[in-house]
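Structure file protein-v4.csv (CSV, C-alpha atoms) is printed below.
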chain,number,residue,atom,x,y,z
A,1,MET,CA,28.0,8.8,-40.2
A,2,LYS,CA,25.0,6.8,-41.4
A,3,GLN,CA,26.4,3.7,-39.7
A,4,PHE,CA,26.6,5.5,-36.4
A,5,LEU,CA,23.0,6.9,-36.7
A,6,VAL,CA,21.6,3.4,-37.5
A,7,THR,CA,23.5,1.9,-34.6
A,8,LEU,CA,22.4,4.6,-32.3
A,9,ILE,CA,18.7,4.1,-33.2
A,10,ILE,CA,19.0,0.3,-32.7
A,11,THR,CA,20.8,0.8,-29.4
A,12,PHE,CA,18.1,3.2,-28.3
A,13,LEU,CA,15.3,0.8,-29.2
A,14,LEU,CA,17.1,-2.1,-27.4
A,15,LEU,CA,17.6,-0.1,-24.3
A,16,THR,CA,14.0,1.1,-24.3
A,17,GLY,CA,12.9,-2.5,-24.6
A,18,THR,CA,15.2,-3.4,-21.7
A,19,ALA,CA,13.6,-0.7,-19.6
A,20,PHE,CA,10.2,-2.3,-20.1
A,21,TYR,CA,11.6,-5.7,-19.4
A,22,LEU,CA,13.2,-4.5,-16.1
A,23,ASN,CA,9.8,-3.0,-15.1
A,24,SER,CA,8.1,-6.3,-15.8
A,25,ILE,CA,10.6,-8.1,-13.5
A,26,ASP,CA,10.6,-5.5,-10.8
A,27,PRO,CA,7.8,-2.8,-10.8
A,28,ALA,CA,10.1,-0.6,-8.6
A,29,TYR,CA,12.0,0.4,-11.8
A,30,ASP,CA,10.8,3.8,-13.0
A,31,VAL,CA,10.2,3.1,-16.7
A,32,MET,CA,9.5,6.7,-17.6
A,33,THR,CA,12.7,7.8,-16.0
A,34,LEU,CA,14.7,5.1,-17.8
A,35,ILE,CA,13.2,6.0,-21.2
A,36,LEU,CA,13.9,9.7,-20.7
A,37,ALA,CA,17.4,9.0,-19.5
A,38,ASN,CA,17.9,6.7,-22.6
A,39,ALA,CA,16.7,9.5,-24.9
A,40,LEU,CA,18.9,12.0,-23.2
A,41,LEU,CA,21.9,9.7,-23.5
A,42,ALA,CA,21.1,9.1,-27.2
A,43,VAL,CA,20.9,12.8,-27.9
A,44,VAL,CA,24.1,13.7,-26.0
A,45,THR,CA,25.9,10.8,-27.6
A,46,PHE,CA,24.9,12.1,-31.1
A,47,ILE,CA,26.0,15.6,-30.3
A,48,SER,CA,29.3,14.3,-28.9
A,49,PHE,CA,29.8,12.1,-31.9
A,50,ASN,CA,29.3,15.1,-34.2
A,51,MET,CA,31.8,17.2,-32.3
A,52,ILE,CA,34.5,14.6,-32.4
A,53,TYR,CA,33.7,13.6,-36.0
A,54,ASN,CA,34.1,17.2,-37.1
A,55,GLY,CA,37.4,17.4,-35.2
A,56,ILE,CA,38.7,14.3,-37.0
A,57,LYS,CA,37.7,15.7,-40.4
A,58,ARG,CA,39.7,18.9,-39.8
A,59,LYS,CA,42.9,16.8,-39.9
A,60,GLN,CA,44.4,18.8,-37.1
A,61,GLY,CA,45.4,16.9,-33.9
A,62,GLU,CA,44.5,19.8,-31.6
A,63,SER,CA,41.0,20.3,-33.0
A,64,MET,CA,40.2,16.6,-32.4
A,65,TYR,CA,41.6,16.8,-28.9
A,66,ARG,CA,39.6,19.9,-28.1
A,67,ALA,CA,36.5,18.3,-29.5
A,68,LYS,CA,37.0,15.2,-27.4
A,69,ILE,CA,37.6,17.2,-24.2
A,70,GLY,CA,34.5,19.4,-25.0
A,71,SER,CA,32.3,16.4,-25.7
A,72,THR,CA,33.5,14.7,-22.5
A,73,MET,CA,32.7,17.8,-20.4
A,74,LEU,CA,29.3,18.1,-22.1
A,75,LYS,CA,28.4,14.5,-21.4
A,76,PHE,CA,29.6,14.7,-17.8
A,77,PHE,CA,27.7,17.9,-16.9
A,78,VAL,CA,24.5,16.8,-18.6
A,79,ILE,CA,24.5,13.3,-17.1
A,80,ILE,CA,25.4,14.5,-13.6
A,81,GLY,CA,22.7,17.1,-13.8
A,82,ALA,CA,20.1,14.4,-14.9
A,83,VAL,CA,21.1,12.1,-12.0
A,84,LEU,CA,20.9,15.0,-9.5
A,85,LEU,CA,17.5,16.1,-10.9
A,86,TYR,CA,16.3,12.5,-10.4
A,87,VAL,CA,17.6,12.3,-6.9
A,88,VAL,CA,16.2,15.7,-5.9
A,89,THR,CA,12.7,15.2,-7.4
A,90,ARG,CA,12.1,11.9,-5.7
A,91,GLU,CA,10.7,11.6,-2.2
A,92,LYS,CA,13.0,10.2,0.4
A,93,GLY,CA,11.6,6.6,0.4
A,94,MET,CA,10.9,6.5,-3.4
A,95,LEU,CA,14.6,6.6,-4.6
A,96,HIS,CA,15.4,3.4,-6.5
A,97,ARG,CA,19.1,2.8,-6.8
A,98,SER,CA,18.8,0.2,-9.4
A,99,THR,CA,17.3,2.8,-11.8
A,100,ILE,CA,20.3,5.0,-11.3
A,101,MET,CA,22.6,2.0,-11.9
A,102,SER,CA,20.7,1.2,-15.1
A,103,PHE,CA,21.2,4.7,-16.2
A,104,ALA,CA,25.0,4.3,-15.6
A,105,GLY,CA,25.0,1.0,-17.5
A,106,ALA,CA,23.2,2.7,-20.5
A,107,TYR,CA,25.9,5.5,-20.4
A,108,ILE,CA,28.6,2.9,-20.6
A,109,ILE,CA,26.9,1.2,-23.6
A,110,TYR,CA,26.6,4.5,-25.5
A,111,MET,CA,30.2,5.4,-24.6
A,112,VAL,CA,31.6,2.1,-25.9
A,113,LEU,CA,29.4,2.4,-29.1
A,114,GLU,CA,30.7,5.9,-29.8
A,115,THR,CA,34.3,5.0,-29.1
A,116,ILE,CA,34.4,1.9,-31.4
A,117,ILE,CA,32.9,3.8,-34.3
A,118,LEU,CA,35.0,6.9,-33.9
A,119,SER,CA,38.2,4.7,-33.6
A,120,LYS,CA,37.4,3.1,-37.0
A,121,ILE,CA,36.8,6.5,-38.5
A,122,ALA,CA,40.0,8.0,-37.1
A,123,ARG,CA,42.0,5.0,-38.4
A,124,THR,CA,40.7,5.4,-41.9
A,125,ALA,CA,41.0,9.2,-41.9
A,126,LYS,CA,44.8,8.9,-41.6

Please lay out the structure from this file as structure tokens.
Amino acid sequence: MKQFLVTLIITFLLLTGTAFYLNSIDPAYDVMTLILANALLAVVTFISFNMIYNGIKRKQGESMYRAKIGSTMLKFFVIIGAVLLYVVTREKGMLHRSTIMSFAGAYIIYMVLETIILSKIARTAK
């Protein structure tokens, strides 16, 4: 659990630094949106990790399965809602597609991070 938290914080800081770097390369990147999206992804990933981690600790296959499905639905609805909020609140000419793609890239990074650590925990729990 501590390993995941440390890794999550390091990933958050690296992706925040990447947001500032992308803005220095192309000022069209919305840094505040990227930082808020990064923070949202970090929080949702932490909640998702806890849900699945508790499912693994129960040593019942169906509880882990329910936790995984629940966390996937949670992530899906929160992230789709965040992207829709970004699209709706922007003026017609101000929408920057690369910002949305950066958000999707950050989602993939957090998903892979969570999957790798949970796979190690699940293997050692059995």

Contact check, stretch 8-92 of chain A to stretch 102-111 of chain A, at most 12 Å, counting only C-alpha atoms, closest pairs as CSV:
residue,atom,partner,partner_atom,distance
A:Leu8,CA,A:Tyr110,CA,8.0
A:Ile9,CA,A:Tyr110,CA,11.0
A:Ile10,CA,A:Tyr110,CA,11.3
A:Thr11,CA,A:Tyr110,CA,7.9
A:Phe12,CA,A:Tyr110,CA,9.0
A:Leu13,CA,A:Ala106,CA,11.9
A:Leu14,CA,A:Ala106,CA,10.4
A:Leu15,CA,A:Ala106,CA,7.3
A:Thr16,CA,A:Ala106,CA,10.1
A:Thr18,CA,A:Ser102,CA,9.7
A:Ala19,CA,A:Ser102,CA,8.6
A:Leu22,CA,A:Ser102,CA,9.5
A:Asn23,CA,A:Ser102,CA,11.7
A:Tyr29,CA,A:Ser102,CA,9.3
A:Asp30,CA,A:Ser102,CA,10.4
A:Val31,CA,A:Ser102,CA,10.8
A:Met32,CA,A:Phe103,CA,12.0
A:Thr33,CA,A:Phe103,CA,9.0
A:Leu34,CA,A:Phe103,CA,6.7
A:Ile35,CA,A:Phe103,CA,9.5
A:Leu36,CA,A:Phe103,CA,9.9
A:Ala37,CA,A:Phe103,CA,6.6
A:Asn38,CA,A:Ala106,CA,7.0
A:Ala39,CA,A:Ala106,CA,10.4
A:Leu40,CA,A:Tyr107,CA,10.0
A:Leu41,CA,A:Tyr107,CA,6.6
A:Ala42,CA,A:Tyr110,CA,7.4
A:Val43,CA,A:Tyr110,CA,10.4
A:Val44,CA,A:Tyr110,CA,9.5
A:Thr45,CA,A:Tyr110,CA,6.7
A:Phe46,CA,A:Tyr110,CA,9.6
A:Ser48,CA,A:Met111,CA,9.9
A:Phe49,CA,A:Met111,CA,9.9
A:Ser71,CA,A:Met111,CA,11.3
A:Thr72,CA,A:Met111,CA,10.1
A:Lys75,CA,A:Tyr107,CA,9.4
A:Phe76,CA,A:Tyr107,CA,10.3
A:Val78,CA,A:Tyr107,CA,11.5
A:Ile79,CA,A:Tyr107,CA,8.6
A:Ile80,CA,A:Ala104,CA,10.4
A:Ala82,CA,A:Phe103,CA,9.8
A:Val83,CA,A:Phe103,CA,8.5
A:Tyr86,CA,A:Phe103,CA,10.9

Between atom CA of A:Asn50 and atom CA of A:Met1, what is the distance, to one decimal in Å? 8.8 Å

All residues 12 Å or closer to stretch 52-62 of chain A, all atoms listed in the file, same chain fewer than 6 positions away omitted, as a list in words: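 Those residues are Met1, Phe4, Thr45, Phe46, Lys68, Ile69, Gly70, Ser71, Thr72, Glu114, Thr115, Ile117, Leu118, Ser119, Lys120, Ile121, Ala122, Arg123, Thr124, Ala125 and Lys126 of chain A.
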
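In terms of minimum interatomic distance to A:Val112, A:Thr7 ranks closest within A:Arg90, A:Thr7, A:Ile47, A:Leu85, counting only C-alpha atoms.
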
Go ahead and compute the interatomic distance for atom CA of A:Arg97 and atom CA of A:Ala28, in Å to one decimal.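 These two atoms are separated by 9.8 Å.
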
Quote the spacing between atom CA of A:Gly81 and atom CA of A:Met94 in Å to one decimal place.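 A separation of 19.0 Å between them.
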